[in-house]
Every structure is written in C-alpha cells, then in structure tokens.
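Reproduced below: run_15.cif, with mmCIF, N, CA and C atoms.
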```cif
data_model
loop_
_atom_site.label_atom_id
_atom_site.label_comp_id
_atom_site.auth_asym_id
_atom_site.auth_seq_id
_atom_site.Cartn_x
_atom_site.Cartn_y
_atom_site.Cartn_z
N MET A 4 0.84 -1.19 0.00
CA MET A 4 0.00 0.00 0.00
C MET A 4 0.88 1.24 0.00
N SER A 5 0.60 2.13 -0.92
CA SER A 5 1.40 3.35 -1.04
C SER A 5 0.94 4.40 -0.04
N HIS A 6 1.87 5.14 0.47
CA HIS A 6 1.57 6.23 1.37
C HIS A 6 1.70 7.58 0.67
N PHE A 7 1.91 7.56 -0.63
CA PHE A 7 2.12 8.79 -1.38
C PHE A 7 0.79 9.44 -1.76
N SER A 8 0.74 10.75 -1.63
CA SER A 8 -0.40 11.53 -2.07
C SER A 8 0.01 12.33 -3.29
N THR A 9 -0.94 12.59 -4.17
CA THR A 9 -0.70 13.39 -5.37
C THR A 9 -1.66 14.58 -5.33
N LEU A 10 -1.09 15.78 -5.44
CA LEU A 10 -1.87 17.01 -5.41
C LEU A 10 -1.66 17.79 -6.69
N ARG A 11 -2.72 18.27 -7.28
CA ARG A 11 -2.66 19.09 -8.49
C ARG A 11 -2.07 20.45 -8.12
N THR A 12 -1.20 21.00 -8.96
CA THR A 12 -0.66 22.34 -8.72
C THR A 12 -0.85 23.19 -9.97
N LYS A 13 -0.53 24.47 -9.83
CA LYS A 13 -0.55 25.39 -10.98
C LYS A 13 0.86 25.62 -11.50
N ILE A 14 1.81 24.87 -11.01
CA ILE A 14 3.20 25.01 -11.43
C ILE A 14 3.36 24.44 -12.84
N THR A 15 4.01 25.23 -13.71
CA THR A 15 4.18 24.81 -15.10
C THR A 15 5.62 24.94 -15.59
N ASP A 16 6.45 25.67 -14.86
CA ASP A 16 7.81 25.95 -15.33
C ASP A 16 8.84 25.23 -14.45
N ALA A 17 9.44 24.18 -15.01
CA ALA A 17 10.39 23.36 -14.25
C ALA A 17 11.60 24.16 -13.79
N GLU A 18 12.13 25.00 -14.66
CA GLU A 18 13.35 25.75 -14.30
C GLU A 18 13.07 26.73 -13.17
N ILE A 19 11.93 27.38 -13.21
CA ILE A 19 11.59 28.32 -12.13
C ILE A 19 11.32 27.56 -10.84
N LEU A 20 10.70 26.40 -10.93
CA LEU A 20 10.50 25.59 -9.72
C LEU A 20 11.84 25.22 -9.11
N LYS A 21 12.78 24.74 -9.94
CA LYS A 21 14.10 24.35 -9.42
C LYS A 21 14.83 25.54 -8.80
N SER A 22 14.79 26.69 -9.46
CA SER A 22 15.50 27.86 -8.92
C SER A 22 14.80 28.35 -7.64
N SER A 23 13.49 28.20 -7.56
CA SER A 23 12.77 28.60 -6.35
C SER A 23 13.15 27.71 -5.17
N LEU A 24 13.26 26.41 -5.42
CA LEU A 24 13.69 25.49 -4.37
C LEU A 24 15.11 25.82 -3.92
N ASN A 25 15.99 26.11 -4.88
CA ASN A 25 17.37 26.51 -4.53
C ASN A 25 17.37 27.79 -3.71
N ASP A 26 16.51 28.77 -4.09
CA ASP A 26 16.41 30.02 -3.33
C ASP A 26 16.04 29.75 -1.88
N LEU A 27 15.24 28.71 -1.66
CA LEU A 27 14.80 28.37 -0.31
C LEU A 27 15.80 27.48 0.42
N GLY A 28 16.93 27.19 -0.23
CA GLY A 28 17.97 26.37 0.40
C GLY A 28 17.68 24.88 0.35
N VAL A 29 16.82 24.48 -0.57
CA VAL A 29 16.44 23.07 -0.69
C VAL A 29 17.24 22.43 -1.83
N SER A 30 17.82 21.29 -1.56
CA SER A 30 18.56 20.55 -2.57
C SER A 30 17.57 19.95 -3.58
N VAL A 31 17.95 20.01 -4.87
CA VAL A 31 17.05 19.57 -5.94
C VAL A 31 17.72 18.49 -6.77
N LYS A 32 16.93 17.45 -7.09
CA LYS A 32 17.36 16.42 -8.03
C LYS A 32 16.35 16.36 -9.17
N THR A 33 16.80 15.96 -10.35
CA THR A 33 15.88 15.75 -11.45
C THR A 33 15.88 14.27 -11.82
N GLU A 34 14.74 13.82 -12.32
CA GLU A 34 14.58 12.41 -12.69
C GLU A 34 15.09 11.51 -11.56
N ALA A 35 14.50 11.67 -10.39
CA ALA A 35 14.97 10.97 -9.20
C ALA A 35 13.79 10.38 -8.43
N ASN A 36 14.11 9.64 -7.39
CA ASN A 36 13.08 9.03 -6.56
C ASN A 36 12.73 9.91 -5.37
N ILE A 37 11.44 9.94 -5.05
CA ILE A 37 10.94 10.61 -3.85
C ILE A 37 10.96 9.55 -2.74
N ARG A 38 11.60 9.87 -1.63
CA ARG A 38 11.65 8.92 -0.52
C ARG A 38 10.35 8.98 0.28
N GLY A 39 9.84 7.80 0.64
CA GLY A 39 8.61 7.72 1.41
C GLY A 39 8.71 6.70 2.52
N TYR A 40 7.56 6.33 3.05
CA TYR A 40 7.46 5.43 4.19
C TYR A 40 8.11 4.08 3.93
N ASN A 41 8.88 3.61 4.90
CA ASN A 41 9.43 2.26 4.90
C ASN A 41 10.21 1.92 3.63
N GLY A 42 10.97 2.91 3.14
CA GLY A 42 11.81 2.68 1.97
C GLY A 42 11.08 2.74 0.63
N GLN A 43 9.78 2.99 0.66
CA GLN A 43 9.05 3.12 -0.61
C GLN A 43 9.54 4.36 -1.33
N ASN A 44 9.49 4.31 -2.66
CA ASN A 44 9.82 5.51 -3.42
C ASN A 44 9.03 5.54 -4.72
N VAL A 45 8.92 6.75 -5.24
CA VAL A 45 8.20 7.00 -6.48
C VAL A 45 9.07 7.91 -7.33
N ARG A 46 9.15 7.64 -8.61
CA ARG A 46 9.95 8.45 -9.54
C ARG A 46 9.24 9.77 -9.82
N ALA A 47 10.02 10.85 -9.92
CA ALA A 47 9.45 12.16 -10.24
C ALA A 47 10.42 12.94 -11.13
N ASP A 48 9.89 13.92 -11.81
CA ASP A 48 10.71 14.76 -12.68
C ASP A 48 11.63 15.68 -11.88
N ILE A 49 11.09 16.22 -10.79
CA ILE A 49 11.85 17.13 -9.91
C ILE A 49 11.62 16.68 -8.47
N VAL A 50 12.70 16.58 -7.70
CA VAL A 50 12.59 16.15 -6.31
C VAL A 50 13.28 17.17 -5.41
N ALA A 51 12.55 17.62 -4.40
CA ALA A 51 13.11 18.46 -3.34
C ALA A 51 13.56 17.50 -2.24
N VAL A 52 14.87 17.41 -2.03
CA VAL A 52 15.43 16.52 -1.02
C VAL A 52 15.36 17.23 0.32
N LEU A 53 14.51 16.72 1.19
CA LEU A 53 14.28 17.36 2.48
C LEU A 53 15.12 16.72 3.58
N GLU A 54 15.31 17.48 4.65
CA GLU A 54 15.97 16.94 5.84
C GLU A 54 15.08 15.83 6.37
N GLY A 55 15.67 14.74 6.78
CA GLY A 55 14.91 13.60 7.26
C GLY A 55 14.82 12.52 6.19
N ASP A 56 13.82 11.67 6.30
CA ASP A 56 13.72 10.49 5.44
C ASP A 56 12.68 10.60 4.34
N TYR A 57 12.09 11.80 4.16
CA TYR A 57 11.00 11.97 3.20
C TYR A 57 11.29 13.16 2.29
N ASP A 58 10.81 13.07 1.04
CA ASP A 58 11.01 14.14 0.07
C ASP A 58 9.67 14.57 -0.51
N ILE A 59 9.73 15.66 -1.28
CA ILE A 59 8.58 16.12 -2.06
C ILE A 59 9.03 16.11 -3.52
N GLY A 60 8.15 15.69 -4.40
CA GLY A 60 8.49 15.67 -5.82
C GLY A 60 7.37 16.23 -6.67
N TRP A 61 7.72 16.48 -7.94
CA TRP A 61 6.75 16.98 -8.91
C TRP A 61 6.90 16.18 -10.20
N SER A 62 5.77 15.78 -10.74
CA SER A 62 5.75 15.06 -12.02
C SER A 62 4.91 15.84 -13.02
N ARG A 63 5.44 15.95 -14.23
CA ARG A 63 4.75 16.73 -15.27
C ARG A 63 3.57 15.93 -15.83
N ASN A 64 2.47 16.63 -16.01
CA ASN A 64 1.27 16.08 -16.64
C ASN A 64 1.29 16.37 -18.13
N ALA A 65 0.40 15.73 -18.86
CA ALA A 65 0.30 15.93 -20.31
C ALA A 65 0.00 17.38 -20.67
N ASP A 66 -0.72 18.10 -19.79
CA ASP A 66 -1.07 19.50 -20.08
C ASP A 66 0.05 20.48 -19.72
N GLY A 67 1.20 19.97 -19.23
CA GLY A 67 2.33 20.83 -18.90
C GLY A 67 2.39 21.25 -17.44
N SER A 68 1.32 21.03 -16.69
CA SER A 68 1.34 21.36 -15.27
C SER A 68 2.04 20.23 -14.51
N PHE A 69 2.36 20.52 -13.26
CA PHE A 69 3.02 19.52 -12.42
C PHE A 69 2.10 19.11 -11.27
N ASP A 70 2.13 17.83 -10.93
CA ASP A 70 1.49 17.33 -9.72
C ASP A 70 2.56 17.24 -8.64
N LEU A 71 2.20 17.62 -7.42
CA LEU A 71 3.08 17.44 -6.27
C LEU A 71 2.82 16.04 -5.71
N ILE A 72 3.89 15.31 -5.45
CA ILE A 72 3.78 13.95 -4.93
C ILE A 72 4.63 13.86 -3.66
N ALA A 73 4.03 13.35 -2.59
CA ALA A 73 4.79 13.21 -1.34
C ALA A 73 4.06 12.28 -0.40
N ASP A 74 4.82 11.71 0.50
CA ASP A 74 4.25 11.00 1.64
C ASP A 74 4.05 12.10 2.69
N LEU A 75 2.87 12.72 2.66
CA LEU A 75 2.64 13.91 3.47
C LEU A 75 2.72 13.63 4.97
N TRP A 76 2.32 12.44 5.38
CA TRP A 76 2.45 12.08 6.79
C TRP A 76 3.92 12.07 7.18
N GLY A 77 4.76 11.49 6.34
CA GLY A 77 6.19 11.43 6.64
C GLY A 77 6.83 12.79 6.63
N VAL A 78 6.48 13.61 5.64
CA VAL A 78 7.03 14.97 5.56
C VAL A 78 6.66 15.74 6.84
N ALA A 79 5.44 15.54 7.32
CA ALA A 79 4.96 16.27 8.50
C ALA A 79 5.69 15.87 9.78
N LYS A 80 6.40 14.74 9.77
CA LYS A 80 7.15 14.34 10.96
C LYS A 80 8.28 15.31 11.26
N LYS A 81 8.86 15.93 10.22
CA LYS A 81 10.01 16.84 10.42
C LYS A 81 9.71 18.28 10.00
N HIS A 82 8.63 18.48 9.24
CA HIS A 82 8.35 19.80 8.66
C HIS A 82 6.89 20.15 8.86
N ASN A 83 6.62 21.46 8.94
CA ASN A 83 5.24 21.91 8.87
C ASN A 83 4.89 21.90 7.38
N GLN A 84 4.18 20.85 6.94
CA GLN A 84 3.98 20.66 5.51
C GLN A 84 3.22 21.81 4.87
N THR A 85 2.26 22.41 5.58
CA THR A 85 1.51 23.53 5.02
C THR A 85 2.44 24.72 4.78
N GLU A 86 3.25 25.05 5.78
CA GLU A 86 4.20 26.17 5.62
C GLU A 86 5.21 25.87 4.52
N LEU A 87 5.70 24.64 4.48
CA LEU A 87 6.69 24.26 3.48
C LEU A 87 6.12 24.40 2.07
N ILE A 88 4.97 23.81 1.82
CA ILE A 88 4.37 23.87 0.49
C ILE A 88 3.98 25.30 0.14
N ASN A 89 3.44 26.04 1.10
CA ASN A 89 3.10 27.44 0.84
C ASN A 89 4.33 28.27 0.50
N SER A 90 5.44 28.04 1.21
CA SER A 90 6.65 28.82 0.92
C SER A 90 7.19 28.49 -0.47
N ILE A 91 7.12 27.22 -0.87
CA ILE A 91 7.55 26.83 -2.22
C ILE A 91 6.65 27.50 -3.26
N ASN A 92 5.34 27.41 -3.05
CA ASN A 92 4.40 28.02 -4.00
C ASN A 92 4.57 29.53 -4.09
N GLN A 93 4.80 30.17 -2.94
CA GLN A 93 4.98 31.62 -2.93
C GLN A 93 6.27 32.02 -3.66
N LYS A 94 7.37 31.31 -3.38
CA LYS A 94 8.64 31.62 -4.04
C LYS A 94 8.52 31.39 -5.54
N TYR A 95 7.84 30.31 -5.93
CA TYR A 95 7.61 30.03 -7.36
C TYR A 95 6.82 31.18 -8.00
N ALA A 96 5.76 31.64 -7.33
CA ALA A 96 4.93 32.71 -7.89
C ALA A 96 5.73 33.99 -8.08
N VAL A 97 6.55 34.34 -7.09
CA VAL A 97 7.39 35.53 -7.20
C VAL A 97 8.37 35.39 -8.36
N ASN A 98 9.08 34.26 -8.41
CA ASN A 98 10.07 34.06 -9.47
C ASN A 98 9.42 34.01 -10.85
N LYS A 99 8.26 33.40 -10.95
CA LYS A 99 7.54 33.32 -12.23
C LYS A 99 7.12 34.71 -12.68
N THR A 100 6.62 35.51 -11.74
CA THR A 100 6.22 36.89 -12.06
C THR A 100 7.42 37.70 -12.52
N LEU A 101 8.54 37.60 -11.80
CA LEU A 101 9.74 38.35 -12.18
C LEU A 101 10.25 37.91 -13.55
N ALA A 102 10.17 36.62 -13.86
CA ALA A 102 10.60 36.13 -15.17
C ALA A 102 9.69 36.67 -16.27
N GLU A 103 8.40 36.72 -16.02
CA GLU A 103 7.45 37.23 -17.01
C GLU A 103 7.68 38.72 -17.28
N VAL A 104 8.00 39.46 -16.22
CA VAL A 104 8.23 40.90 -16.36
C VAL A 104 9.47 41.18 -17.22
N LYS A 105 10.43 40.27 -17.21
CA LYS A 105 11.66 40.46 -17.97
C LYS A 105 11.51 40.10 -19.44
N ARG A 106 10.35 39.56 -19.82
CA ARG A 106 10.14 39.18 -21.22
C ARG A 106 10.17 40.42 -22.11
N PRO A 107 10.56 40.26 -23.38
CA PRO A 107 10.59 41.40 -24.31
C PRO A 107 9.24 42.11 -24.34
N GLY A 108 9.32 43.43 -24.34
CA GLY A 108 8.10 44.22 -24.37
C GLY A 108 7.62 44.62 -22.99
N LEU A 109 8.12 43.96 -21.97
CA LEU A 109 7.70 44.29 -20.61
C LEU A 109 8.85 44.87 -19.78
N GLN A 110 10.05 45.01 -20.39
CA GLN A 110 11.19 45.46 -19.59
C GLN A 110 10.94 46.83 -18.96
N ASN A 111 10.19 47.68 -19.64
CA ASN A 111 10.00 49.02 -19.13
C ASN A 111 8.71 49.17 -18.32
N ALA A 112 8.02 48.06 -18.11
CA ALA A 112 6.78 48.13 -17.32
C ALA A 112 7.13 48.48 -15.88
N ASN A 113 6.29 49.31 -15.31
CA ASN A 113 6.48 49.70 -13.92
C ASN A 113 5.75 48.68 -13.06
N VAL A 114 6.48 47.71 -12.51
CA VAL A 114 5.88 46.63 -11.75
C VAL A 114 6.36 46.73 -10.31
N ARG A 115 5.40 46.64 -9.41
CA ARG A 115 5.73 46.62 -8.00
C ARG A 115 5.13 45.36 -7.41
N LEU A 116 5.95 44.53 -6.83
CA LEU A 116 5.52 43.27 -6.27
C LEU A 116 5.35 43.44 -4.77
N VAL A 117 4.15 43.19 -4.28
CA VAL A 117 3.86 43.36 -2.87
C VAL A 117 3.51 42.00 -2.30
N LEU A 118 4.26 41.56 -1.29
CA LEU A 118 3.98 40.29 -0.61
C LEU A 118 3.45 40.60 0.78
N GLN A 119 2.49 39.81 1.19
CA GLN A 119 1.93 40.02 2.52
C GLN A 119 2.29 38.87 3.41
#
```
Would it be possible to restate this file's structure as structure tokens?
Amino acid sequence: MSHFSTLRTKITDAEILKSSLNDLGVSVKTEANIRGYNGQNVRADIVAVLEGDYDIGWSRNADGSFDLIADLWGVAKKHNQTELINSINQKYAVNKTLAEVKRPGLQNANVRLVLQ
C-alpha cells in the first residue's frame, strides 16, 4: 500500500520551480526518486530533497502542469507541511512573475511586487 499523495498544482515551469527550491535552500534532483514510508519511493521529474527520510516531488502532466507527490504524513514528521508547500508556491509565484516581467516588451513596465 502506497503512502504517497498526489496534489494538483498550478506550477508549469520546471526551471523556475528548481530555482525557487534553490532560493529556499532546498537541494534539488531531477529524474529521481521521492523517498517515502518504509523505503518506498516514487519516480518524479523534480525532487526536493528534504531533511529527514522523506522528500517532495513533482511530475509533469500531459497538459504541462506539475502534480506534487509526497508522503505527506512522513514529511509532517520533520516539517510543517503547510508552511513548506506554501513557501515553495509563494517563491515560485514571485520568481515566475519576475521572469514574465523580464520578457521582451515588458522590460519598461512599472511593476511593484507586494507580498503580505
């Protein structure tokens, strides 16, 4: 029986996800296994290697979005999973916005990013 959960996300850019994880001080692997309960693992496109025995990963869907995959019970043993996932999503959103603003035609846009 698998202990892994799969959650739909709005993440679509692998490079921005990886750089966001790095910004948060999280080690990143690509095409690697997500560690779960009792040595179980699942393959993912991007894996955030967490402190402890459990990881979080993302697998690309046919539509280009990524699903988050993790043994959430295991992750919660060492991390506040809500805060962790929220911080990853927030960093991704900031980095994605900044990347979009740098696209041609938007360099001179007056953009102010406000985080609460």
Any chance you could resolve the PyMOL selection byres ((chain A and resi 7) around 6) against this file and give the residues as a list in words?
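Answer for the PyMOL selection byres ((chain A and resi 7) around 6): Ser5, His6, Ser8, Thr9, Ala73, Asp74 and Leu75 of chain A.
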Emit as AutoDock Vina command-line options the padded axis-aligned box for all listed atoms of range 52-65 of chain A, 6 Å per side, with centre and edge lengths in Å to one decimal.
```
--center_x 8.0 --center_y 14.0 --center_z -6.7 --size_x 28.0 --size_y 19.0 --size_z 39.9
```
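Residues matching the PyMOL selection byres ((chain A and resi 76-85) around 7) in this structure come to His6, Gly39, Tyr40, Glu54, Gly55, Asp56, Tyr57, Asp58, Ala73, Asp74, Leu75, Glu86, Leu87, Ile88, Asn89 and Ser90 of chain A.
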Do a neighbour search on Asn36 in chain A at 10 Å with only C-alpha atoms, toss out local chain neighbours closer than 4 positions, and write the hits as a list of chain:residue names.
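Contacts, in chain order: A:Lys32, A:Gln43, A:Asn44, A:Val45, A:Arg46, A:Ala47, A:Asp48, A:Ile49, A:Val50, A:Ala51, A:Val52, A:Asp58, A:Ile59, A:Gly60.
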Take CA of Asp26 in chain A and CA of Ile14 in chain A and report the distance between them in Å, one decimal.
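Interatomic distance, CA of Asp26 in chain A to CA of Ile14 in chain A: 16.3 Å.
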Quote the spacing between CA of Ser62 in chain A and CA of Ser22 in chain A in Å to one decimal place.
16.4 Å
Which of these, A:Val104, A:Leu53, A:Ala96, A:Ile37, has the shortest distance to Ser23 in chain A once you count only C-alpha atoms?
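Under the stated criterion, the closest residue is A:Ala96.
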Apply the PyMOL selection byres ((chain A and resi 69) around 6.5) to the displayed file and report the matching residues as a PyMOL selection string.
chain A and resi 10-15+61-64+67-68+70-71
In chain A, DSSP strand (DSSP E or B) residues written as a PyMOL selection string
chain A and resi 8-11+30-38+44-52+59-63+69-73
Could you please determine the separation between CA of Ala35 in chain A and CA of Asn98 in chain A in Å, to one decimal place?
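Taking CA of Ala35 in chain A as the start and CA of Asn98 in chain A as the end point, the length is 23.6 Å.
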If DSSP is run on the backbone, what residues of chain A are alpha helix (DSSP H)? A reply as a CSV table (one decimal) with N, CA and C atoms, in the frame of the given file would be ideal.
```
chain,number,residue,atom,x,y,z
A,17,ALA,N,9.4,24.2,-15.0
A,17,ALA,CA,10.4,23.4,-14.2
A,17,ALA,C,11.6,24.2,-13.8
A,18,GLU,N,12.1,25.0,-14.7
A,18,GLU,CA,13.4,25.8,-14.3
A,18,GLU,C,13.1,26.7,-13.2
A,19,ILE,N,11.9,27.4,-13.2
A,19,ILE,CA,11.6,28.3,-12.1
A,19,ILE,C,11.3,27.6,-10.8
A,20,LEU,N,10.7,26.4,-10.9
A,20,LEU,CA,10.5,25.6,-9.7
A,20,LEU,C,11.8,25.2,-9.1
A,21,LYS,N,12.8,24.7,-9.9
A,21,LYS,CA,14.1,24.4,-9.4
A,21,LYS,C,14.8,25.5,-8.8
A,22,SER,N,14.8,26.7,-9.5
A,22,SER,CA,15.5,27.9,-8.9
A,22,SER,C,14.8,28.4,-7.6
A,23,SER,N,13.5,28.2,-7.6
A,23,SER,CA,12.8,28.6,-6.4
A,23,SER,C,13.2,27.7,-5.2
A,24,LEU,N,13.3,26.4,-5.4
A,24,LEU,CA,13.7,25.5,-4.4
A,24,LEU,C,15.1,25.8,-3.9
A,25,ASN,N,16.0,26.1,-4.9
A,25,ASN,CA,17.4,26.5,-4.5
A,25,ASN,C,17.4,27.8,-3.7
A,26,ASP,N,16.5,28.8,-4.1
A,26,ASP,CA,16.4,30.0,-3.3
A,26,ASP,C,16.0,29.8,-1.9
A,75,LEU,N,2.9,12.7,2.7
A,75,LEU,CA,2.6,13.9,3.5
A,75,LEU,C,2.7,13.6,5.0
A,76,TRP,N,2.3,12.4,5.4
A,76,TRP,CA,2.4,12.1,6.8
A,76,TRP,C,3.9,12.1,7.2
A,77,GLY,N,4.8,11.5,6.3
A,77,GLY,CA,6.2,11.4,6.6
A,77,GLY,C,6.8,12.8,6.6
A,78,VAL,N,6.5,13.6,5.6
A,78,VAL,CA,7.0,15.0,5.6
A,78,VAL,C,6.7,15.7,6.8
A,79,ALA,N,5.4,15.5,7.3
A,79,ALA,CA,5.0,16.3,8.5
A,79,ALA,C,5.7,15.9,9.8
A,80,LYS,N,6.4,14.7,9.8
A,80,LYS,CA,7.2,14.3,11.0
A,80,LYS,C,8.3,15.3,11.3
A,81,LYS,N,8.9,15.9,10.2
A,81,LYS,CA,10.0,16.8,10.4
A,81,LYS,C,9.7,18.3,10.0
A,84,GLN,N,4.2,20.8,6.9
A,84,GLN,CA,4.0,20.7,5.5
A,84,GLN,C,3.2,21.8,4.9
A,85,THR,N,2.3,22.4,5.6
A,85,THR,CA,1.5,23.5,5.0
A,85,THR,C,2.4,24.7,4.8
A,86,GLU,N,3.2,25.0,5.8
A,86,GLU,CA,4.2,26.2,5.6
A,86,GLU,C,5.2,25.9,4.5
A,87,LEU,N,5.7,24.6,4.5
A,87,LEU,CA,6.7,24.3,3.5
A,87,LEU,C,6.1,24.4,2.1
A,88,ILE,N,5.0,23.8,1.8
A,88,ILE,CA,4.4,23.9,0.5
A,88,ILE,C,4.0,25.3,0.1
A,89,ASN,N,3.4,26.0,1.1
A,89,ASN,CA,3.1,27.4,0.8
A,89,ASN,C,4.3,28.3,0.5
A,90,SER,N,5.4,28.0,1.2
A,90,SER,CA,6.6,28.8,0.9
A,90,SER,C,7.2,28.5,-0.5
A,91,ILE,N,7.1,27.2,-0.9
A,91,ILE,CA,7.6,26.8,-2.2
A,91,ILE,C,6.6,27.5,-3.3
A,92,ASN,N,5.3,27.4,-3.0
A,92,ASN,CA,4.4,28.0,-4.0
A,92,ASN,C,4.6,29.5,-4.1
A,93,GLN,N,4.8,30.2,-2.9
A,93,GLN,CA,5.0,31.6,-2.9
A,93,GLN,C,6.3,32.0,-3.7
A,94,LYS,N,7.4,31.3,-3.4
A,94,LYS,CA,8.6,31.6,-4.0
A,94,LYS,C,8.5,31.4,-5.5
A,95,TYR,N,7.8,30.3,-5.9
A,95,TYR,CA,7.6,30.0,-7.4
A,95,TYR,C,6.8,31.2,-8.0
A,96,ALA,N,5.8,31.6,-7.3
A,96,ALA,CA,4.9,32.7,-7.9
A,96,ALA,C,5.7,34.0,-8.1
A,97,VAL,N,6.6,34.3,-7.1
A,97,VAL,CA,7.4,35.5,-7.2
A,97,VAL,C,8.4,35.4,-8.4
A,98,ASN,N,9.1,34.3,-8.4
A,98,ASN,CA,10.1,34.1,-9.5
A,98,ASN,C,9.4,34.0,-10.8
A,99,LYS,N,8.3,33.4,-11.0
A,99,LYS,CA,7.5,33.3,-12.2
A,99,LYS,C,7.1,34.7,-12.7
A,100,THR,N,6.6,35.5,-11.7
A,100,THR,CA,6.2,36.9,-12.1
A,100,THR,C,7.4,37.7,-12.5
A,101,LEU,N,8.5,37.6,-11.8
A,101,LEU,CA,9.7,38.4,-12.2
A,101,LEU,C,10.2,37.9,-13.6
A,102,ALA,N,10.2,36.6,-13.9
A,102,ALA,CA,10.6,36.1,-15.2
A,102,ALA,C,9.7,36.7,-16.3
A,103,GLU,N,8.4,36.7,-16.0
A,103,GLU,CA,7.4,37.2,-17.0
A,103,GLU,C,7.7,38.7,-17.3
A,104,VAL,N,8.0,39.5,-16.2
A,104,VAL,CA,8.2,40.9,-16.4
A,104,VAL,C,9.5,41.2,-17.2
```
